[in-house]
Amino acid sequence: MEKIGSNNRNYWRNLVTRMTLVLVTVTIIVLFLPRSEGSMYHYDVGKPWVYSDMIAKFDFPVFKTQEALKSEQDSVRKSFVPYYYKADYVGERNIKKFISDFKDGIPELPGYKEKVLDCLRGFYAQGIISQREYSSLMKDTAQNIRIVSGKQASQVRAKNFLSPMQAYEMLVGMDTIAAIKASLQKCNLNAYIEANIIIDRERNNTELDDQLSLIPQASGMVLEGQKIINRGDIVDAYTYRVLDSFEKAMEKRNVSENAETATLVGQAIYVFVLVLLFTGYLVLFRNDYFDKTRSIAMLYTMVVMFPLMVSLMMRFNKFSLYIIPFAMAAIFIRVFLDSRTAFITHVTMILVCAVEVRYQYEFVIIQIVGGLVAIYSLRELSKRSQIYLTAVLVTLASTVVYLAIQLIQSDDPSKLDQSMYIYFAINGFFLLFTYPLMLVIEKAFGFTSTVTLFELSNTNNYLLRRLSEVAPGTFQHSIMVGNLAAEIANRIGAKAHLVRTGALYHDIGKMANPAFFTENQAGVNPHEKLSCQESARIIISHVSEGTRLAEKFNLPTAIREFITTHHGKGLASFFYVSYKNEHPDEEVDETLFRYPGPNPSTLEQAILMMCDSVEAASRSLPEYTEESIASLVNKIIDAQTANGFFTECPITFRDIAQAKLVLAERLKSIYHTRIQYPELKRTPL
């Protein structure tokens with residue numbers, strides 16, 4: 001009963017966890033989906049109308065394009081005559097200031113004070129406009145301005161006024177004698193020159209807004225019953241305006257609080273169904289991923305991240321969404337997980353994004369083809385050139401599929417849209433960033449890429465080089481186990497690079513006490529002076545020592561797991577049996593002779609356990625024959641199976657049979673077993 005209750009609790013906990021994943025994913029995506037700018041139809045200039053014939057059901061105006069409206073508005077602004085007013089107090093203030101500053105006359109220039117005063121009075125009477133506004137007005141020498149006086153406004157040519165620079169130059173240049181000009185320049189006369197023709201911004205804004213508001217927004221009418229477009233017709237520029245005007249008219253007729261709510265509900269249902277189907281796939285076919293937080297985190301992040309990118313692109317409408325490298329998600333999932341999950345995730349992600357785009361059919365086909373090509377072309381990422389090839393293939397596939405769709409939809413190949421090919425090229429360029437981003441995915445979600453495995457399997461790195469120096473026998477054993485394990489992995493469809501790298505590191509803990517392991521001994525066996533319990537403790541400790549070294553050198557989790565699982569929860573059988581034989585009447589505490597585990601949980605860990613045990617035991621065979629090797633392989637692996645070491649990993653009886661076959665074949669070739677040649681029987685004379 002207790003077990004049934006525990007199973008029920010686990011069932012409900014798993015159900016709640018998965019539904020929470022679905023609801024959180026749907027909520028995030030739907031919150032960012034565009035709603036206010038939704039379109040009833042999807043169409044564009046130069047594309048065929050794919051819906052049924054359209055007849056106007058009511059009268060509506062044909063609105064001008066934004067470009068046409070902007071052109072008319074610019075024309076109004078250009079022809080607008082601005083309003084200014086004359087500020088008399090400016091001249092009076094500056095003249096009073098000049099008289100005060102030079103009450104005793106201008107030094108070295110007696111009699112010139114009155115001349116300067118006359119000039120200043122003349123400048124202010126004529127009018128001075130600020131330098132910036134004067135330069136702007138003089139771009140058109142025929143430009144007029146309106147001078148407001150009371151309730152009246154009169155138009156005057158802008159060139160009739162002065163700028164501060166012109167007034168100053170006239171002031172200091174009123175006498176041709178150089179000495180007088182130099183003395184006037186010392187007087188800082190520009191301090192008394194200030195614009196007194198001031199722009200009336202409030203009046204200008206009001207008048208300009210009134211004129212802009214008079215520009216008609218529409219350029220015609222469509223009457224009820226009038227044909228708009230037939231199915232299959234190519235949408236031209238005018239028809240596009242009519243269709244756009246029709247949708248705007250429909251929005252005005254149907255404006256209500258329920259409209260946006262209905263859109264929201266529809267989007268939520270659509271996204272919920274897709275995410276639920278995706279989660280259903282994981283539950284039915286990849287349930288083990290739910291036990292690995294990193295796998296679930298990456299999968300749902302990919303499903304959420306790309307729709308959010310599309311939402312932002314559609315909202316700001318700056319670039320084409322075809323530059324987004326959607327195939328990158330398929331590559332990441334293919335490299336770190338498996339191809340089927342990569343395809344399902346990619347399709348789910350694309351279908352979610354499709355609700356946001358204009359041409360769903362075109363978008364879905366191109367992106368699914370691109371994802372498939374990426375998955376097919378990149379089984380394992382081991383070198384940079386593979387990414388280059390994948391980027392080229394995805395670009396070519398997208399280009400070819402788009403061209404095919406264009407040819408199907410258009411009757412004139414010369415009118416095909418060329419800009420899309422530029423977007424596909426940019427998309428391919430962004431795909432090249434998959435390689436450096438692989439490291440980001442590894443660190444963020446705790447995966448181990450093939451590139452990292454290749455780097456770790458380099459025997460020149462410090463840890464492996466140290467192993468070869470301190471424990472050369474263990475190093476050779478690890479290489480041998482790695483080769484055997486990789487061949488089995490290739491035969492049964494496991495990850496060969498992963499198991500080979502794991503094999504190189506699985507015994508690094510032996511560096512702590514290398515002489516206590518037979519492969520490193522040279523005639524002296526230190527176990528002869530120790531008790532069986534102490535010997536077992538030292539032998540078993542190589543697992544914990546290996547884990548410590550793995551943490552110290554920051555080895556990936558996947559490699560650490562090989563260290564802890566290559567003996568599982570097995571016994572140090574030599575010392576266990578020896579102790580039992582020495583103490584036949586004593587109850588033996590097995591925990592003193594048992595490895596801490598855990599047992600293998602992946603196919604690769606199970607392969608390493610088999611290869612490690614068989615390779616080590618094969619060194620103790622008295623003779624190497626086909627029968628002795630086959631018998632050893634069967635005996636060891638059958639015992640591991642019987643002891644339940646493989647009950648927690650997805651290995652099949654067929655996989656085990658294949659592993660036995662590979663081990664027997666490889667060990668026979670390693671130890672050069674040969675058939676026994678018959679002796680020639682001599683016939684007696």
# chains A, B, ... in the order shown; residues from 1 in each chain; ligands from 1
>>> residues_around(residues="segment 60-70 of chain A", least_positions_apart="5", cutoff="8 Å", atoms="only C-alpha atoms", output="PDB file with all heavy atoms, in the first residue's frame")
ATOM      1  N   GLN A 217      -7.496  62.348 -46.477  1.00  0.00           N
ATOM      2  CA  GLN A 217      -6.853  61.061 -46.214  1.00  0.00           C
ATOM      3  C   GLN A 217      -7.156  60.037 -47.303  1.00  0.00           C
ATOM      4  O   GLN A 217      -6.416  59.065 -47.471  1.00  0.00           O
ATOM      5  CB  GLN A 217      -7.332  60.504 -44.856  1.00  0.00           C
ATOM      6  CG  GLN A 217      -7.030  61.412 -43.676  1.00  0.00           C
ATOM      7  CD  GLN A 217      -5.540  61.508 -43.394  1.00  0.00           C
ATOM      8  OE1 GLN A 217      -4.874  60.503 -43.224  1.00  0.00           O
ATOM      9  NE2 GLN A 217      -5.027  62.730 -43.368  1.00  0.00           N
ATOM     10  N   ALA A 218      -8.239  60.231 -48.007  1.00  0.00           N
ATOM     11  CA  ALA A 218      -8.651  59.263 -49.033  1.00  0.00           C
ATOM     12  C   ALA A 218      -8.516  59.878 -50.423  1.00  0.00           C
ATOM     13  O   ALA A 218      -8.517  61.104 -50.584  1.00  0.00           O
ATOM     14  CB  ALA A 218     -10.090  58.821 -48.797  1.00  0.00           C
ATOM     15  N   SER A 219      -8.377  58.970 -51.395  1.00  0.00           N
ATOM     16  CA  SER A 219      -8.257  59.443 -52.784  1.00  0.00           C
ATOM     17  C   SER A 219      -9.354  58.867 -53.669  1.00  0.00           C
ATOM     18  O   SER A 219      -9.251  58.901 -54.892  1.00  0.00           O
ATOM     19  CB  SER A 219      -6.891  59.040 -53.347  1.00  0.00           C
ATOM     20  OG  SER A 219      -6.748  57.631 -53.343  1.00  0.00           O
ATOM     21  N   GLY A 220     -10.363  58.310 -53.060  1.00  0.00           N
ATOM     22  CA  GLY A 220     -11.449  57.735 -53.845  1.00  0.00           C
ATOM     23  C   GLY A 220     -12.379  56.944 -52.956  1.00  0.00           C
ATOM     24  O   GLY A 220     -12.185  56.867 -51.738  1.00  0.00           O
ATOM     25  N   MET A 221     -13.414  56.327 -53.555  1.00  0.00           N
ATOM     26  CA  MET A 221     -14.392  55.540 -52.816  1.00  0.00           C
ATOM     27  C   MET A 221     -14.620  54.213 -53.519  1.00  0.00           C
ATOM     28  O   MET A 221     -14.543  54.109 -54.743  1.00  0.00           O
ATOM     29  CB  MET A 221     -15.721  56.291 -52.721  1.00  0.00           C
ATOM     30  CG  MET A 221     -15.722  57.462 -51.753  1.00  0.00           C
ATOM     31  SD  MET A 221     -15.655  56.956 -50.011  1.00  0.00           S
ATOM     32  CE  MET A 221     -17.226  56.119 -49.858  1.00  0.00           C
ATOM     33  N   VAL A 222     -14.877  53.176 -52.717  1.00  0.00           N
ATOM     34  CA  VAL A 222     -15.346  51.889 -53.242  1.00  0.00           C
ATOM     35  C   VAL A 222     -16.794  51.753 -52.806  1.00  0.00           C
ATOM     36  O   VAL A 222     -17.116  51.911 -51.619  1.00  0.00           O
ATOM     37  CB  VAL A 222     -14.499  50.722 -52.708  1.00  0.00           C
ATOM     38  CG1 VAL A 222     -15.112  49.393 -53.134  1.00  0.00           C
ATOM     39  CG2 VAL A 222     -13.065  50.832 -53.221  1.00  0.00           C
ATOM     40  N   LEU A 223     -17.672  51.487 -53.774  1.00  0.00           N
ATOM     41  CA  LEU A 223     -19.104  51.429 -53.485  1.00  0.00           C
ATOM     42  C   LEU A 223     -19.545  50.004 -53.193  1.00  0.00           C
ATOM     43  O   LEU A 223     -18.925  49.037 -53.652  1.00  0.00           O
ATOM     44  CB  LEU A 223     -19.897  51.990 -54.664  1.00  0.00           C
ATOM     45  CG  LEU A 223     -19.545  53.426 -55.080  1.00  0.00           C
ATOM     46  CD1 LEU A 223     -20.385  53.836 -56.280  1.00  0.00           C
ATOM     47  CD2 LEU A 223     -19.737  54.395 -53.916  1.00  0.00           C
ATOM     48  N   ARG A 241      -3.871  49.045 -51.779  1.00  0.00           N
ATOM     49  CA  ARG A 241      -4.452  50.161 -51.027  1.00  0.00           C
ATOM     50  C   ARG A 241      -5.913  49.925 -50.730  1.00  0.00           C
ATOM     51  O   ARG A 241      -6.402  50.221 -49.629  1.00  0.00           O
ATOM     52  CB  ARG A 241      -4.290  51.464 -51.809  1.00  0.00           C
ATOM     53  CG  ARG A 241      -2.865  52.034 -51.776  1.00  0.00           C
ATOM     54  CD  ARG A 241      -2.739  53.221 -52.719  1.00  0.00           C
ATOM     55  NE  ARG A 241      -3.813  54.178 -52.496  1.00  0.00           N
ATOM     56  CZ  ARG A 241      -4.313  54.978 -53.426  1.00  0.00           C
ATOM     57  NH1 ARG A 241      -3.832  54.921 -54.667  1.00  0.00           N
ATOM     58  NH2 ARG A 241      -5.275  55.832 -53.138  1.00  0.00           N
ATOM     59  N   VAL A 242      -6.636  49.374 -51.710  1.00  0.00           N
ATOM     60  CA  VAL A 242      -8.071  49.109 -51.512  1.00  0.00           C
ATOM     61  C   VAL A 242      -8.262  48.070 -50.417  1.00  0.00           C
ATOM     62  O   VAL A 242      -9.115  48.233 -49.525  1.00  0.00           O
ATOM     63  CB  VAL A 242      -8.717  48.646 -52.829  1.00  0.00           C
ATOM     64  CG1 VAL A 242     -10.164  48.210 -52.592  1.00  0.00           C
ATOM     65  CG2 VAL A 242      -8.669  49.758 -53.872  1.00  0.00           C
ATOM     66  N   SER A 245      -7.467  49.545 -47.078  1.00  0.00           N
ATOM     67  CA  SER A 245      -8.550  50.453 -46.671  1.00  0.00           C
ATOM     68  C   SER A 245      -9.760  49.667 -46.196  1.00  0.00           C
ATOM     69  O   SER A 245     -10.431  50.068 -45.224  1.00  0.00           O
ATOM     70  CB  SER A 245      -8.942  51.354 -47.849  1.00  0.00           C
ATOM     71  OG  SER A 245      -7.845  52.127 -48.285  1.00  0.00           O
ATOM     72  N   PHE A 246     -10.028  48.551 -46.863  1.00  0.00           N
ATOM     73  CA  PHE A 246     -11.162  47.707 -46.453  1.00  0.00           C
ATOM     74  C   PHE A 246     -10.962  47.184 -45.033  1.00  0.00           C
ATOM     75  O   PHE A 246     -11.893  47.197 -44.214  1.00  0.00           O
ATOM     76  CB  PHE A 246     -11.315  46.546 -47.438  1.00  0.00           C
ATOM     77  CG  PHE A 246     -12.294  45.501 -46.982  1.00  0.00           C
ATOM     78  CD1 PHE A 246     -13.657  45.750 -46.997  1.00  0.00           C
ATOM     79  CD2 PHE A 246     -11.859  44.266 -46.526  1.00  0.00           C
ATOM     80  CE1 PHE A 246     -14.562  44.791 -46.572  1.00  0.00           C
ATOM     81  CE2 PHE A 246     -12.749  43.307 -46.103  1.00  0.00           C
ATOM     82  CZ  PHE A 246     -14.110  43.565 -46.126  1.00  0.00           C
ATOM     83  N   ALA A 249     -11.479  49.928 -42.545  1.00  0.00           N
ATOM     84  CA  ALA A 249     -12.911  50.204 -42.398  1.00  0.00           C
ATOM     85  C   ALA A 249     -13.586  49.138 -41.545  1.00  0.00           C
ATOM     86  O   ALA A 249     -14.456  49.438 -40.716  1.00  0.00           O
ATOM     87  CB  ALA A 249     -13.566  50.282 -43.782  1.00  0.00           C
TER      88      ALA A 249
END
>>> residues_around(residues="Ser183 of chain A", least_positions_apart="6", cutoff="10 Å", atoms="only C-alpha atoms", output="MDAnalysis selection string")
chainID A and resid 106:109 172
>>> atom_distance(atom1="atom CA of Gln533 of chain A", atom2="atom CA of Thr591 of chain A")
10.3 Å
>>> residues_around(residues="Gly473 of chain A", least_positions_apart="2", cutoff="12 Å", atoms="only C-alpha atoms", output="NGL selection string")
:A and (467-471 or 475-480 or 507-508 or 510-511 or 514-522 or 616 or 619)
>>> residues_around(residues="segment 634-642 of chain A", least_positions_apart="3", cutoff="9 Å", atoms="only C-alpha atoms", output="number ranges by chain")
A: 570, 609-610, 613-614, 617, 629-631, 645-647, 656, 660
>>> write_last_selection(atoms="N, CA and C atoms", output="PDB file, in the first residue's frame")
ATOM      1  N   GLY A 570      28.869  -2.604  -7.458  1.00  0.00           N
ATOM      2  CA  GLY A 570      29.474  -3.935  -7.416  1.00  0.00           C
ATOM      3  C   GLY A 570      30.424  -4.117  -6.243  1.00  0.00           C
ATOM      4  N   MET A 609      31.084   0.063 -18.396  1.00  0.00           N
ATOM      5  CA  MET A 609      31.175  -0.936 -17.323  1.00  0.00           C
ATOM      6  C   MET A 609      31.565  -2.299 -17.886  1.00  0.00           C
ATOM      7  N   MET A 610      30.927  -2.712 -18.982  1.00  0.00           N
ATOM      8  CA  MET A 610      31.228  -4.013 -19.581  1.00  0.00           C
ATOM      9  C   MET A 610      32.669  -4.052 -20.077  1.00  0.00           C
ATOM     10  N   SER A 613      35.397  -4.060 -17.170  1.00  0.00           N
ATOM     11  CA  SER A 613      35.523  -5.339 -16.467  1.00  0.00           C
ATOM     12  C   SER A 613      36.151  -6.404 -17.356  1.00  0.00           C
ATOM     13  N   VAL A 614      35.712  -6.494 -18.598  1.00  0.00           N
ATOM     14  CA  VAL A 614      36.207  -7.532 -19.504  1.00  0.00           C
ATOM     15  C   VAL A 614      37.676  -7.296 -19.845  1.00  0.00           C
ATOM     16  N   ALA A 617      39.845  -8.158 -16.802  1.00  0.00           N
ATOM     17  CA  ALA A 617      39.877  -9.600 -16.528  1.00  0.00           C
ATOM     18  C   ALA A 617      40.641 -10.369 -17.593  1.00  0.00           C
ATOM     19  N   ILE A 629      38.332 -16.708 -24.380  1.00  0.00           N
ATOM     20  CA  ILE A 629      37.929 -15.298 -24.450  1.00  0.00           C
ATOM     21  C   ILE A 629      36.407 -15.173 -24.467  1.00  0.00           C
ATOM     22  N   ALA A 630      35.748 -15.976 -25.301  1.00  0.00           N
ATOM     23  CA  ALA A 630      34.281 -15.929 -25.375  1.00  0.00           C
ATOM     24  C   ALA A 630      33.663 -16.285 -24.031  1.00  0.00           C
ATOM     25  N   SER A 631      34.254 -17.302 -23.374  1.00  0.00           N
ATOM     26  CA  SER A 631      33.732 -17.721 -22.071  1.00  0.00           C
ATOM     27  C   SER A 631      33.883 -16.610 -21.046  1.00  0.00           C
ATOM     28  N   PHE A 645      22.897  -4.622 -12.644  1.00  0.00           N
ATOM     29  CA  PHE A 645      23.626  -3.383 -12.895  1.00  0.00           C
ATOM     30  C   PHE A 645      23.028  -2.566 -14.041  1.00  0.00           C
ATOM     31  N   PHE A 646      22.276  -3.220 -14.927  1.00  0.00           N
ATOM     32  CA  PHE A 646      21.773  -2.526 -16.121  1.00  0.00           C
ATOM     33  C   PHE A 646      20.266  -2.248 -16.065  1.00  0.00           C
ATOM     34  N   THR A 647      19.675  -2.423 -14.895  1.00  0.00           N
ATOM     35  CA  THR A 647      18.221  -2.235 -14.799  1.00  0.00           C
ATOM     36  C   THR A 647      17.804  -0.767 -14.863  1.00  0.00           C
ATOM     37  N   ILE A 656      23.284  -5.924 -25.573  1.00  0.00           N
ATOM     38  CA  ILE A 656      24.238  -6.714 -24.784  1.00  0.00           C
ATOM     39  C   ILE A 656      24.869  -7.801 -25.644  1.00  0.00           C
ATOM     40  N   LYS A 660      28.846  -8.207 -26.474  1.00  0.00           N
ATOM     41  CA  LYS A 660      29.612  -9.445 -26.275  1.00  0.00           C
ATOM     42  C   LYS A 660      30.356  -9.822 -27.544  1.00  0.00           C
TER      43      LYS A 660
END
>>> closest_residue(among="A:Val81, A:Leu243, A:Val90, A:Leu663", to="Arg157 of chain A", atoms="only C-alpha atoms")
A:Val81
>>> closest_residue(among="A:Tyr89, A:Tyr462, A:Tyr435, A:Phe316", to="Leu378 of chain A", atoms="only C-alpha atoms")
A:Tyr435
>>> select_by_dssp(residues="segment 160-385 of chain A", states="alpha helix (DSSP H)", output="VMD selection string")
chain A and resid 164 to 172 178 to 186 201 to 213 237 to 253 257 to 285 293 to 316 327 to 336 339 to 354 360 to 377 384 to 385
>>> closest_residue(among="A:Arg594, A:Arg121, A:Arg132, A:Arg384", to="Met438 of chain A", atoms="only C-alpha atoms")
A:Arg384
>>> atom_distance(atom1="atom CA of Arg466 of chain A", atom2="atom CA of Ser541 of chain A")
18.8 Å
>>> atom_distance(atom1="atom CA of Leu603 of chain A", atom2="atom CA of Leu463 of chain A")
25.5 Å
>>> residues_around(residues="Lys86 of chain A", least_positions_apart="6", cutoff="10 Å", atoms="only C-alpha atoms", output="list in words")
Tyr124, Ala125, Gly127, Ile128, Ile129, Ile147, Val148, Ser149, Ala195, Asn196, Ile197, Ile198, Ile199 and Asp200 of chain A
>>> closest_residue(among="A:Tyr505, A:Phe363, A:Phe430, A:Tyr402", to="Ala558 of chain A", atoms="only C-alpha atoms")
A:Tyr505
>>> select_by_dssp(residues="segment 219-401 of chain A", states="strand (DSSP E)", output="list in words")
Ser219, Gly220, Met221, Val222, Lys227, Ile228 and Ile229 of chain A
>>> residues_around(residues="Thr348 of chain A", least_positions_apart="6", cutoff="12 Å", atoms="only C-alpha atoms", output="VMD selection string")
chain A and resid 270 to 281 299 to 300 302 to 304 306 to 307 326 329 to 330 341 to 342 354 to 355 364 367 to 368 371
>>> closest_residue(among="A:Pro526, A:Gly568, A:Gly493, A:Pro82", to="Gln155 of chain A", atoms="only C-alpha atoms")
A:Pro82
>>> closest_residue(among="A:Leu621, A:Ala404, A:Ile539, A:Val499", to="Thr450 of chain A", atoms="only C-alpha atoms")
A:Val499
